>>> print(open('protein.pdb').read())   # PDB, C-alpha atoms and all ligand atoms
ATOM      1  CA  MET Z   1       8.313  -0.171 -15.752
ATOM      2  CA  ALA Z   2       7.366  -0.450 -19.423
ATOM      3  CA  LEU Z   3       4.358   1.811 -18.838
ATOM      4  CA  CYS Z   4       6.575   4.427 -17.166
ATOM      5  CA  ALA Z   5       9.188   4.212 -19.911
ATOM      6  CA  ASN Z   6       6.490   4.795 -22.538
ATOM      7  CA  ASP Z   7       4.559   7.488 -20.722
ATOM      8  CA  PRO Z   8       6.648  10.115 -18.916
ATOM      9  CA  SER Z   9       3.517  11.606 -17.339
ATOM     10  CA  LEU Z  10       2.804   8.406 -15.404
ATOM     11  CA  HIS Z  11       3.843   8.238 -11.736
ATOM     12  CA  TYR Z  12       3.908   4.602 -10.577
ATOM     13  CA  ILE Z  13       4.932   3.449  -7.113
ATOM     14  CA  ASP Z  14       5.393  -0.288  -6.696
ATOM     15  CA  THR Z  15       5.288  -1.440  -3.072
ATOM     16  CA  ASP Z  16       5.763  -4.688  -1.188
ATOM     17  CA  LEU Z  17       7.137  -5.850   2.160
ATOM     18  CA  PRO Z  18      10.780  -4.763   2.746
ATOM     19  CA  GLU Z  19      12.386  -8.151   2.052
ATOM     20  CA  VAL Z  20      10.573  -8.522  -1.276
ATOM     21  CA  VAL Z  21      11.501  -4.971  -2.288
ATOM     22  CA  ALA Z  22      15.146  -5.745  -1.481
ATOM     23  CA  THR Z  23      14.967  -8.831  -3.744
ATOM     24  CA  LYS Z  24      13.288  -6.834  -6.526
ATOM     25  CA  ARG Z  25      15.922  -4.089  -6.274
ATOM     26  CA  ASP Z  26      18.611  -6.729  -6.514
ATOM     27  CA  MET Z  27      16.945  -8.234  -9.597
ATOM     28  CA  LEU Z  28      16.688  -4.808 -11.232
ATOM     29  CA  THR Z  29      20.438  -4.370 -10.977
ATOM     30  CA  GLN Z  30      21.029  -7.785 -12.579
ATOM     31  CA  LEU Z  31      18.480  -7.784 -15.409
ATOM     32  CA  PRO Z  32      19.457  -6.359 -18.787
ATOM     33  CA  LEU Z  33      16.605  -3.853 -18.798
ATOM     34  CA  GLY Z  34      18.193  -1.109 -20.878
ATOM     35  CA  PRO Z  35      17.918   2.528 -19.847
ATOM     36  CA  ALA Z  36      16.359   3.147 -16.429
ATOM     37  CA  PRO Z  37      12.672   4.139 -16.545
ATOM     38  CA  ASN Z  38      11.980   7.753 -15.609
ATOM     39  CA  GLN Z  39      12.110   8.902 -12.005
ATOM     40  CA  HIS Z  40       8.355   8.401 -11.855
ATOM     41  CA  PHE Z  41       8.886   4.682 -11.332
ATOM     42  CA  GLU Z  42       9.575   4.010  -7.659
ATOM     43  CA  LEU Z  43       9.972   0.775  -5.733
ATOM     44  CA  LEU Z  44       9.304   1.276  -2.022
ATOM     45  CA  PRO Z  45       8.873  -0.955   1.037
ATOM     46  CA  LEU Z  46       5.407  -0.822   2.592
ATOM     47  CA  ASN Z  47       3.394  -2.947   4.955
ATOM     48  CA  ALA Z  48      -0.060  -2.170   3.558
ATOM     49  CA  LEU Z  49      -1.562  -2.549   7.068
ATOM     50  CA  ASP Z  50       0.544   0.326   8.396
ATOM     51  CA  GLU Z  51      -1.766   3.286   7.790
ATOM     52  CA  ALA Z  52       0.824   5.989   8.501
ATOM     53  CA  ALA Z  53       3.332   4.363   6.138
ATOM     54  CA  PHE Z  54       0.615   3.919   3.478
ATOM     55  CA  ARG Z  55      -0.228   7.626   3.728
ATOM     56  CA  SER Z  56       3.403   8.677   3.437
ATOM     57  CA  VAL Z  57       3.738   6.667   0.195
ATOM     58  CA  VAL Z  58       0.537   8.277  -1.118
ATOM     59  CA  GLU Z  59       1.911  11.739  -0.296
ATOM     60  CA  LYS Z  60       4.674  11.152  -2.843
ATOM     61  CA  PHE Z  61       2.098  11.420  -5.614
ATOM     62  CA  GLU Z  62       1.220  14.780  -7.097
ATOM     63  CA  ALA Z  63      -2.176  16.219  -6.026
ATOM     64  CA  GLY Z  64      -5.226  14.682  -7.687
ATOM     65  CA  PRO Z  65      -6.977  11.343  -8.107
ATOM     66  CA  LEU Z  66      -5.125   8.071  -7.564
ATOM     67  CA  THR Z  67      -5.485   4.521  -8.786
ATOM     68  CA  ILE Z  68      -4.582   2.009  -6.081
ATOM     69  CA  VAL Z  69      -3.993  -1.457  -7.548
ATOM     70  CA  ASN Z  70      -3.295  -4.719  -5.775
ATOM     71  CA  GLU Z  71      -2.936  -8.309  -6.845
ATOM     72  CA  GLY Z  72      -2.308 -11.194  -4.474
ATOM     73  CA  LEU Z  73      -2.688  -9.510  -1.078
ATOM     74  CA  LEU Z  74      -6.207  -9.880   0.352
ATOM     75  CA  MET Z  75      -5.958 -13.668   0.712
ATOM     76  CA  TYR Z  76      -3.098 -13.186   3.176
ATOM     77  CA  LEU Z  77      -5.261 -10.995   5.388
ATOM     78  CA  THR Z  78      -7.946 -11.979   7.906
ATOM     79  CA  LEU Z  79     -11.344 -10.299   7.631
ATOM     80  CA  GLU Z  80     -10.348  -7.853  10.375
ATOM     81  CA  GLU Z  81      -7.085  -6.993   8.556
ATOM     82  CA  LYS Z  82      -8.959  -6.589   5.267
ATOM     83  CA  ALA Z  83     -11.339  -4.167   7.020
ATOM     84  CA  ARG Z  84      -8.344  -2.156   8.352
ATOM     85  CA  LEU Z  85      -6.872  -1.926   4.850
ATOM     86  CA  CYS Z  86     -10.274  -0.864   3.512
ATOM     87  CA  GLN Z  87     -10.477   1.943   6.087
ATOM     88  CA  THR Z  88      -7.051   3.274   5.040
ATOM     89  CA  ILE Z  89      -7.851   3.147   1.315
ATOM     90  CA  HIS Z  90     -11.354   4.537   1.809
ATOM     91  CA  ALA Z  91     -10.068   7.597   3.697
ATOM     92  CA  ILE Z  92      -7.382   8.226   1.041
ATOM     93  CA  LEU Z  93      -9.796   7.930  -1.890
ATOM     94  CA  LYS Z  94     -12.377  10.152  -0.190
ATOM     95  CA  GLN Z  95      -9.670  12.782   0.196
ATOM     96  CA  ARG Z  96      -7.949  12.439  -3.184
ATOM     97  CA  GLY Z  97     -10.523  10.895  -5.520
ATOM     98  CA  GLY Z  98      -9.789   7.954  -7.797
ATOM     99  CA  CYS Z  99     -10.453   4.262  -7.410
ATOM    100  CA  TRP Z 100      -9.144   0.940  -6.080
ATOM    101  CA  ILE Z 101      -8.666  -1.952  -8.473
ATOM    102  CA  THR Z 102      -8.286  -5.252  -6.676
ATOM    103  CA  ALA Z 103      -7.683  -8.556  -8.408
ATOM    104  CA  ASP Z 104      -8.190 -10.370  -5.102
ATOM    105  CA  ILE Z 105     -11.876 -11.243  -5.150
ATOM    106  CA  TYR Z 106     -11.228 -14.948  -4.592
ATOM    107  CA  VAL Z 107     -14.040 -17.185  -3.424
ATOM    108  CA  LYS Z 108     -13.604 -20.418  -1.491
ATOM    109  CA  ARG Z 109     -13.332 -23.307  -3.937
ATOM    110  CA  PRO Z 110     -15.520 -26.412  -3.738
ATOM    111  CA  ALA Z 111     -13.515 -29.461  -2.588
ATOM    112  CA  ASP Z 112     -13.697 -31.170  -6.023
ATOM    113  CA  LEU Z 113     -12.168 -28.134  -7.710
ATOM    114  CA  ARG Z 114      -9.465 -27.957  -5.061
ATOM    115  CA  MET Z 115      -8.544 -31.552  -5.842
ATOM    116  CA  GLU Z 116      -8.429 -30.891  -9.584
ATOM    117  CA  LEU Z 117      -5.691 -28.295  -9.640
ATOM    118  CA  PRO Z 118      -2.301 -29.884  -9.124
ATOM    119  CA  GLN Z 119      -0.450 -28.595  -6.065
ATOM    120  CA  SER Z 120       3.016 -29.523  -4.869
ATOM    121  CA  ALA Z 121       3.568 -30.416  -1.207
ATOM    122  CA  GLY Z 122       5.360 -27.064  -0.807
ATOM    123  CA  GLU Z 123       2.433 -25.144  -2.289
ATOM    124  CA  ARG Z 124      -0.006 -27.012  -0.050
ATOM    125  CA  ARG Z 125       2.112 -26.154   3.025
ATOM    126  CA  PHE Z 126       2.263 -22.508   1.937
ATOM    127  CA  PHE Z 127      -1.538 -22.345   1.496
ATOM    128  CA  GLU Z 128      -2.085 -23.919   4.916
ATOM    129  CA  GLN Z 129       0.489 -21.760   6.673
ATOM    130  CA  HIS Z 130      -1.082 -18.542   5.354
ATOM    131  CA  HIS Z 131      -4.706 -19.780   5.726
ATOM    132  CA  ILE Z 132      -5.243 -18.819   2.084
ATOM    133  CA  GLU Z 133      -8.452 -20.817   1.598
ATOM    134  CA  GLU Z 134     -10.038 -19.521   4.844
ATOM    135  CA  ASN Z 135      -9.136 -15.947   3.941
ATOM    136  CA  LYS Z 136     -11.038 -16.096   0.662
ATOM    137  CA  PHE Z 137     -14.582 -14.736   0.470
ATOM    138  CA  ASP Z 138     -17.504 -17.160   0.944
ATOM    139  CA  SER Z 139     -19.120 -15.962  -2.300
ATOM    140  CA  TYR Z 140     -19.135 -12.980  -4.670
ATOM    141  CA  GLU Z 141     -22.274 -11.721  -2.887
ATOM    142  CA  ALA Z 142     -20.429 -11.921   0.445
ATOM    143  CA  ALA Z 143     -17.491  -9.992  -1.058
ATOM    144  CA  ARG Z 144     -19.849  -7.304  -2.401
ATOM    145  CA  ALA Z 145     -21.552  -7.021   1.009
ATOM    146  CA  PHE Z 146     -18.165  -6.851   2.771
ATOM    147  CA  PHE Z 147     -16.962  -3.978   0.568
ATOM    148  CA  ALA Z 148     -20.335  -2.198   0.839
ATOM    149  CA  ALA Z 149     -20.036  -2.360   4.649
ATOM    150  CA  GLN Z 150     -16.598  -0.745   4.288
ATOM    151  CA  GLY Z 151     -18.048   2.076   2.170
ATOM    152  CA  PHE Z 152     -17.083   0.791  -1.284
ATOM    153  CA  GLU Z 153     -19.155   0.143  -4.363
ATOM    154  CA  ALA Z 154     -17.940  -2.276  -7.043
ATOM    155  CA  VAL Z 155     -18.426  -0.256 -10.231
ATOM    156  CA  ALA Z 156     -16.781  -2.537 -12.813
ATOM    157  CA  GLU Z 157     -15.412  -6.046 -13.227
ATOM    158  CA  ALA Z 158     -12.543  -6.961 -15.543
ATOM    159  CA  VAL Z 159     -13.354  -9.466 -18.281
ATOM    160  CA  PRO Z 160     -10.458 -11.931 -18.496
ATOM    161  CA  ASP Z 161      -9.147 -12.910 -21.905
ATOM    162  CA  TYR Z 162      -7.738 -16.376 -21.150
ATOM    163  CA  LYS Z 163      -6.385 -16.825 -24.668
ATOM    164  CA  SER Z 164      -3.982 -13.919 -24.234
ATOM    165  CA  LEU Z 165      -2.548 -15.267 -20.961
ATOM    166  CA  THR Z 166       1.094 -16.017 -21.587
ATOM    167  CA  VAL Z 167       1.092 -18.837 -18.981
ATOM    168  CA  LEU Z 168      -1.890 -20.618 -20.564
ATOM    169  CA  PRO Z 169       0.191 -23.248 -22.465
ATOM    170  CA  GLN Z 170       2.110 -24.135 -19.269
ATOM    171  CA  LEU Z 171      -1.115 -24.283 -17.246
ATOM    172  CA  LEU Z 172      -2.823 -26.522 -19.789
ATOM    173  CA  ALA Z 173       0.198 -28.816 -19.795
ATOM    174  CA  VAL Z 174      -0.160 -29.602 -16.074
ATOM    175  CA  LEU Z 175      -3.954 -29.910 -15.935
ATOM    176  CA  PRO Z 176      -5.466 -33.404 -15.762
ATOM    177  CA  GLU Z 177      -6.715 -34.772 -19.113
ATOM    178  CA  GLU Z 178     -10.458 -34.248 -18.497
ATOM    179  CA  ALA Z 179      -9.966 -30.653 -17.322
ATOM    180  CA  ARG Z 180      -7.771 -29.942 -20.362
ATOM    181  CA  ASN Z 181     -10.346 -31.244 -22.839
ATOM    182  CA  ARG Z 182     -13.340 -29.584 -21.249
ATOM    183  CA  GLN Z 183     -15.210 -27.376 -23.729
ATOM    184  CA  GLU Z 184     -16.864 -24.976 -21.317
ATOM    185  CA  PRO Z 185     -14.836 -22.054 -19.883
ATOM    186  CA  PRO Z 186     -12.993 -22.702 -16.609
ATOM    187  CA  PRO Z 187     -15.081 -22.234 -13.434
ATOM    188  CA  LYS Z 188     -14.843 -18.720 -12.067
ATOM    189  CA  VAL Z 189     -12.690 -18.684  -8.940
ATOM    190  CA  GLN Z 190     -11.576 -15.070  -8.971
ATOM    191  CA  ALA Z 191     -12.704 -11.617 -10.045
ATOM    192  CA  THR Z 192     -11.033  -8.254 -10.480
ATOM    193  CA  TRP Z 193     -13.160  -5.336  -9.324
ATOM    194  CA  MET Z 194     -12.918  -1.590  -9.581
ATOM    195  CA  LEU Z 195     -14.122  -0.108  -6.298
ATOM    196  CA  ARG Z 196     -15.124   3.465  -5.575
ATOM    197  CA  ALA Z 197     -15.389   4.996  -2.105
ATOM    198  CA  VAL Z 198     -18.972   6.159  -1.614
TER     199      VAL Z 198
HETATM  200  C1  LIG Z 201       1.047 -13.345  -4.580
HETATM  201  S1  LIG Z 201       2.254 -12.112  -4.306
HETATM  202  C2  LIG Z 201       1.733 -10.819  -5.348
HETATM  203  C3  LIG Z 201       2.849 -10.216  -6.107
HETATM  204  C4  LIG Z 201       2.555  -8.889  -6.788
HETATM  205  N1  LIG Z 201       1.301  -8.890  -7.513
HETATM  206  C5  LIG Z 201       3.670  -8.479  -7.719
HETATM  207  O1  LIG Z 201       3.411  -8.328  -8.916
HETATM  208  O2  LIG Z 201       4.788  -8.363  -7.276
HETATM  209  C6  LIG Z 201       1.815 -11.544  -2.715
HETATM  210  C7  LIG Z 201       2.705 -10.427  -2.217
HETATM  211  O3  LIG Z 201       2.025  -9.795  -1.114
HETATM  212  C8  LIG Z 201       3.024  -9.337  -0.243
HETATM  213  N2  LIG Z 201       2.425  -9.023   1.065
HETATM  214  C9  LIG Z 201       1.902  -9.884   1.975
HETATM  215  N3  LIG Z 201       1.458  -9.217   3.064
HETATM  216  C10 LIG Z 201       1.681  -7.887   2.817
HETATM  217  C11 LIG Z 201       1.426  -6.690   3.547
HETATM  218  N4  LIG Z 201       0.876  -6.695   4.771
HETATM  219  N5  LIG Z 201       1.779  -5.514   2.970
HETATM  220  C12 LIG Z 201       2.335  -5.478   1.752
HETATM  221  N6  LIG Z 201       2.602  -6.571   1.004
HETATM  222  C13 LIG Z 201       2.274  -7.766   1.538
HETATM  223  C14 LIG Z 201       4.026 -10.482  -0.217
HETATM  224  O4  LIG Z 201       5.283 -10.018   0.217
HETATM  225  C15 LIG Z 201       4.040 -10.916  -1.688
HETATM  226  O5  LIG Z 201       5.073 -10.322  -2.428
END
>>> encode(input="protein.pdb", output="structure tokens")
Amino acid sequence: MALCANDPSLHYIDTDLPEVVATKRDMLTQLPLGPAPNQHFELLPLNALDEAAFRSVVEKFEAGPLTIVNEGLLMYLTLEEKARLCQTIHAILKQRGGCWITADIYVKRPADLRMELPQSAGERRFFEQHHIEENKFDSYEAARAFFAAQGFEAVAEAVPDYKSLTVLPQLLAVLPEEARNRQEPPPKVQATWMLRAV
């Protein structure tokens, strides 16, 4: 919303499942956000696995290349569902040009690391219910091979700047003592890739 307010040329469509979009719309009416961002900010319901619905959202954009961005979706999807989503995005990017930035390159965590991060009983239930750990990639090489088989090439990886994360103080506060005092950077459990359809 801030990007759209600052750059009138930007067309941004935020999507999520219908019930989440309803909650977000409700929040937008309650938050003191000042003047509404331009009409190029849209909040629309979309099941990303519904190819026809995905295409009708994409058609709302002006002609030309697109950037498709997602964060926190692939670990809800089985390998077969991920492949379906890849097919949809691949066809769209081949047609329109542009790229896909996904922050969801999560790899399965070793058991000791899983134990280290504190998790409430509710969080544990949620992870189990959605098979989050099983839905992660076996390794970064396996993720690269998966996307290559779907016709994508990973052309760039984001370099995280942990110090600028606004949640870092809260995260540090809940980490066990030895993890908090460790000098080396945290183990890599996730990557953000820019993918191009080849
Ligand atoms: C971890 S959250 C990510 C939130 C998101 N990055 C944001 O800023 O709002 C995961 C989101 O994925 C959504 N989701 C799960 N399955 C989906 C699907 N098939 N299509 C679209 N969204 C889905 C959930 O509703 C949830 O809001």
>>> closest_residue(input="protein.pdb", among="Z:His40, Z:Arg84, Z:Arg182, Z:Arg124", to="ligand LIG 201 (chain Z)", atoms="only C-alpha atoms and all ligand atoms")
Z:Arg84
>>> axis_aligned_box(input="protein.pdb", around="region 101-113 of chain Z", padding_each_side="5 Å", output="lines of an AutoDock Vina configuration file")
center_x = -11.6
center_y = -16.6
center_z = -5.0
size_x = 17.8
size_y = 39.2
size_z = 17.0
>>> residues_near_ligand(input="protein.pdb", ligand="ligand LIG 201 (chain Z)", cutoff="12 Å", atoms="only C-alpha atoms and all ligand atoms", output="PyMOL selection string")
chain Z and resi 1+13-25+43-51+53-54+69-78+81-82+84-85+102-104+126-127+130+132
>>> atom_distance(input="protein.pdb", atom1="CA of Tyr106 (chain Z)", atom2="CA of Phe147 (chain Z)")
13.4 Å
>>> atom_distance(input="protein.pdb", atom1="CA of Pro160 (chain Z)", atom2="CA of Thr192 (chain Z)")
8.8 Å
>>> atom_distance(input="protein.pdb", atom1="CA of Ala52 (chain Z)", atom2="CA of Ser9 (chain Z)")
26.6 Å
>>> closest_residue(input="protein.pdb", among="Z:Gly97, Z:Gly122, Z:Pro186, Z:Pro110", to="Asp161 (chain Z)", atoms="only C-alpha atoms")
Z:Pro186
>>> closest_residue(input="protein.pdb", among="Z:Ser120, Z:Cys4, Z:Leu28, Z:Arg96", to="Val174 (chain Z)", atoms="only C-alpha atoms")
Z:Ser120
>>> closest_residue(input="protein.pdb", among="Z:Ala158, Z:Ile105, Z:Leu79, Z:Val167", to="His131 (chain Z)", atoms="all atoms listed in the file")
Z:Leu79
>>> residues_around(input="protein.pdb", residues="Leu93 (chain Z)", least_positions_apart="6", cutoff="9 Å", atoms="all atoms listed in the file", output="PyMOL selection string")
chain Z and resi 65-68+99-100+196-197
>>> closest_residue(input="protein.pdb", among="Z:Leu195, Z:Val189, Z:Leu113, Z:Ala148", to="Ile101 (chain Z)", atoms="all atoms listed in the file")
Z:Leu195
>>> closest_residue(input="protein.pdb", among="Z:Gln190, Z:Thr88, Z:Asn6, Z:Glu59", to="Ala143 (chain Z)", atoms="only C-alpha atoms")
Z:Gln190
>>> resolve_selection(input="protein.pdb", expression="the PyMOL selection byres (((chain Z and resi 150) around 8) and not hetatm)", output="NGL selection string")
:Z and (83 or 86-87 or 90 or 146-149 or 151-152)
>>> resolve_selection(input="protein.pdb", expression="the PyMOL selection byres (((chain Z and resi 107) around 6) and not hetatm)", output="list in words")
Tyr106, Lys108, Lys136, Phe137, Asp138, Ser139 and Val189 of chain Z
>>> write_last_selection(input="protein.pdb", atoms="C-alpha atoms", output="PDB file, keeping the file's coordinate frame")
ATOM      1  CA  TYR Z 106     -11.228 -14.948  -4.592  1.00  0.00           C
ATOM      2  CA  LYS Z 108     -13.604 -20.418  -1.491  1.00  0.00           C
ATOM      3  CA  LYS Z 136     -11.038 -16.096   0.662  1.00  0.00           C
ATOM      4  CA  PHE Z 137     -14.582 -14.736   0.470  1.00  0.00           C
ATOM      5  CA  ASP Z 138     -17.504 -17.160   0.944  1.00  0.00           C
ATOM      6  CA  SER Z 139     -19.120 -15.962  -2.300  1.00  0.00           C
ATOM      7  CA  VAL Z 189     -12.690 -18.684  -8.940  1.00  0.00           C
TER       8      VAL Z 189
END
